[in-house]
Amino acid sequence: NEAPYFDAAWMEEGFCVSNKETPLLNSHALSFYADAIATVFLFLAYRKYNGILSEQCIEHVYLNIFGVFMHGLGHLMIAFSGNAEEQTTKQQMSIQERLDEDGPKALIVQTLILLGFWIALLKAAMPKVSMKYTAPMALFLGSLPSQFLVKPELGFTYTQTVLLLANSFNQLNLPLEKKGYVYSTFAVVVSCPVGLVGWLESQTCGDFLIKYGGHLIYDGGICVSLFVFLLLCINHETQKSDAMKVKTL
């Protein structure tokens with residue numbers, strides 16, 4: 001399959017993967033390590049700043065504790081699932097064939113991890129949407145298509161597209177009074193860079209990114225952008241607090 005607008009190394013897997021033959025050190029495993037570390041720091045930040053930062057800001061931090069960790073867990077699962085060709089072969093099997101090969105427990109665990117992955121990321125993308133809507137979306141737009149319909153080499157593209165659309169529609173439909181500093185800062189610092197780094201990965205994998213961790217740059221970029229967002233929220237609240245003190249003098 002020729003795709004002249006995308007990097008050949010990226011097209012092989014649908015991700016930019018370094019150290020393909022070493023599950024514990026390939027880009028997917030490295031992404032898990034980065035996401036796990038970021039999860040710890042997001043949790044600590046939530047514990048420290050909950051009740052200090054605005055509800056809208058701290059909500060992003062809280063939900064991304066789960067979103068970032070489940071994102072990383074999804075990568076860890078991919079790290080040990082073989083390459084895209086092997087995953088495609090498995091995907092083309094009937095459910096009975098997969099049960100015979102892996103056993104029911106393995107298939108159930110995989111389904112639950114994928115469902116948890118999609119629930120966590122969709123909830124982070126759509127903070128105010130009720131779980132009664134998020135969970136069915138996670139099942140029918142995420143977990144089931146990922147396992148049985150979407151080609152493994154298109155998995156990253158599919159996932160990013162669904163999540164960016166969910167986040168965009170959710171944020172655009174916020175009431176006007178919620179479209180202030182936090183709204184615009186999250187869009188500029190987190191949402192836009194995610195899409196741009198995804199395109200960078202698809203264009204520069206073989207010549208550039210694969211030498212520096214491959215997809216790790218994408219996951220690491222999300223983590224860094226979340227902490228930049230958090231720091232900007234802290235700075236904004238500090239400035240507001242200082243301004244209030246001046247007014248009371």
# chains A, B, ... in the order shown; residues from 1 in each chain; ligands from 1
$ residues_around --residues "His236 (chain A)" --least-positions-apart "6" --cutoff "10 Å" --atoms "only C-alpha atoms" --output "compact mmCIF listing (two decimals) with C-alpha atoms, in the first residue's frame"
# COMPACT_ATOMS: atom_id res chain seq x y z
CA LEU A 53 -7.40 26.02 41.30
CA SER A 54 -10.68 26.61 39.49
CA TYR A 181 -8.91 31.44 30.35
CA VAL A 182 -8.97 27.69 31.08
CA LEU A 230 -1.27 23.10 35.03
CA ASP A 242 -2.66 39.04 44.00
$ closest_atom_pairs --of "region 119-203 of chain A" --to "region 105-114 of chain A" --cutoff "8 Å" --atoms "only C-alpha atoms" --output "Markdown table"
| residue | atom | partner | partner_atom | distance |
| --- | --- | --- | --- | --- |
| A:Gly142 | CA | A:Leu114 | CA | 7.7 |
| A:Ser143 | CA | A:Leu114 | CA | 5.2 |
| A:Leu144 | CA | A:Thr111 | CA | 8.0 |
| A:Gln147 | CA | A:Thr111 | CA | 7.9 |
$ select_by_dssp --residues "region 7-224 of chain A" --states "helix (DSSP H, G or I)" --output "ChimeraX atom specification"
/A:8-13,27-49,55-79,84-91,95-102,104-125,131-148,152-172,176-178,181-204,209-212,216-224
$ closest_residue --among "A:Ile217, A:Ala45, A:Ala187, A:Leu154" --to "Leu231 (chain A)" --atoms "only C-alpha atoms"
A:Ala45
$ atom_distance --atom1 "CA of Lys20 (chain A)" --atom2 "CA of Ala138 (chain A)"
28.8 Å
$ residues_around --residues "region 120-129 of chain A" --least-positions-apart "6" --cutoff "8 Å" --atoms "only C-alpha atoms" --output "MDAnalysis selection string"
chainID A and resid 59:60 63:64 66:68 70:71 138 163:164 166:167 170:171
$ write_last_selection --atoms "N, CA and C atoms" --output "short mmCIF file (atom, residue, chain, number, x, y, z; two decimals), in the first residue's frame"
data_model
loop_
_atom_site.label_atom_id
_atom_site.label_comp_id
_atom_site.auth_asym_id
_atom_site.auth_seq_id
_atom_site.Cartn_x
_atom_site.Cartn_y
_atom_site.Cartn_z
N GLU A 59 -10.53 19.86 37.05
CA GLU A 59 -11.25 18.76 36.42
C GLU A 59 -10.42 18.12 35.32
N HIS A 60 -9.74 18.96 34.53
CA HIS A 60 -8.85 18.43 33.48
C HIS A 60 -7.72 17.61 34.09
N LEU A 63 -9.27 14.14 35.61
CA LEU A 63 -9.67 13.14 34.61
C LEU A 63 -8.49 12.62 33.81
N ASN A 64 -7.46 13.44 33.65
CA ASN A 64 -6.29 12.97 32.91
C ASN A 64 -5.39 12.07 33.74
N PHE A 66 -6.55 9.39 35.08
CA PHE A 66 -7.02 8.10 34.55
C PHE A 66 -6.74 7.99 33.06
N GLY A 67 -6.94 9.10 32.33
CA GLY A 67 -6.74 9.08 30.89
C GLY A 67 -5.31 8.75 30.51
N VAL A 68 -4.35 9.42 31.16
CA VAL A 68 -2.94 9.19 30.85
C VAL A 68 -2.51 7.78 31.24
N MET A 70 -4.40 4.99 31.53
CA MET A 70 -4.99 3.98 30.65
C MET A 70 -4.41 4.07 29.24
N HIS A 71 -4.06 5.27 28.81
CA HIS A 71 -3.36 5.44 27.54
C HIS A 71 -2.06 4.63 27.57
N ALA A 138 -17.69 4.41 24.40
CA ALA A 138 -16.43 3.70 24.54
C ALA A 138 -16.52 2.28 23.99
N LEU A 163 -10.98 10.85 19.44
CA LEU A 163 -10.77 11.64 20.66
C LEU A 163 -10.71 13.14 20.37
N LEU A 164 -10.07 13.53 19.28
CA LEU A 164 -9.99 14.95 18.95
C LEU A 164 -11.37 15.50 18.56
N ALA A 166 -14.26 14.25 19.64
CA ALA A 166 -15.05 14.27 20.88
C ALA A 166 -14.69 15.49 21.72
N ASN A 167 -13.40 15.75 21.85
CA ASN A 167 -12.95 16.90 22.62
C ASN A 167 -13.39 18.22 21.99
N ASN A 170 -17.18 18.73 22.37
CA ASN A 170 -17.49 18.99 23.77
C ASN A 170 -17.10 20.41 24.17
N GLN A 171 -15.90 20.83 23.81
CA GLN A 171 -15.42 22.16 24.20
C GLN A 171 -16.20 23.27 23.48
#
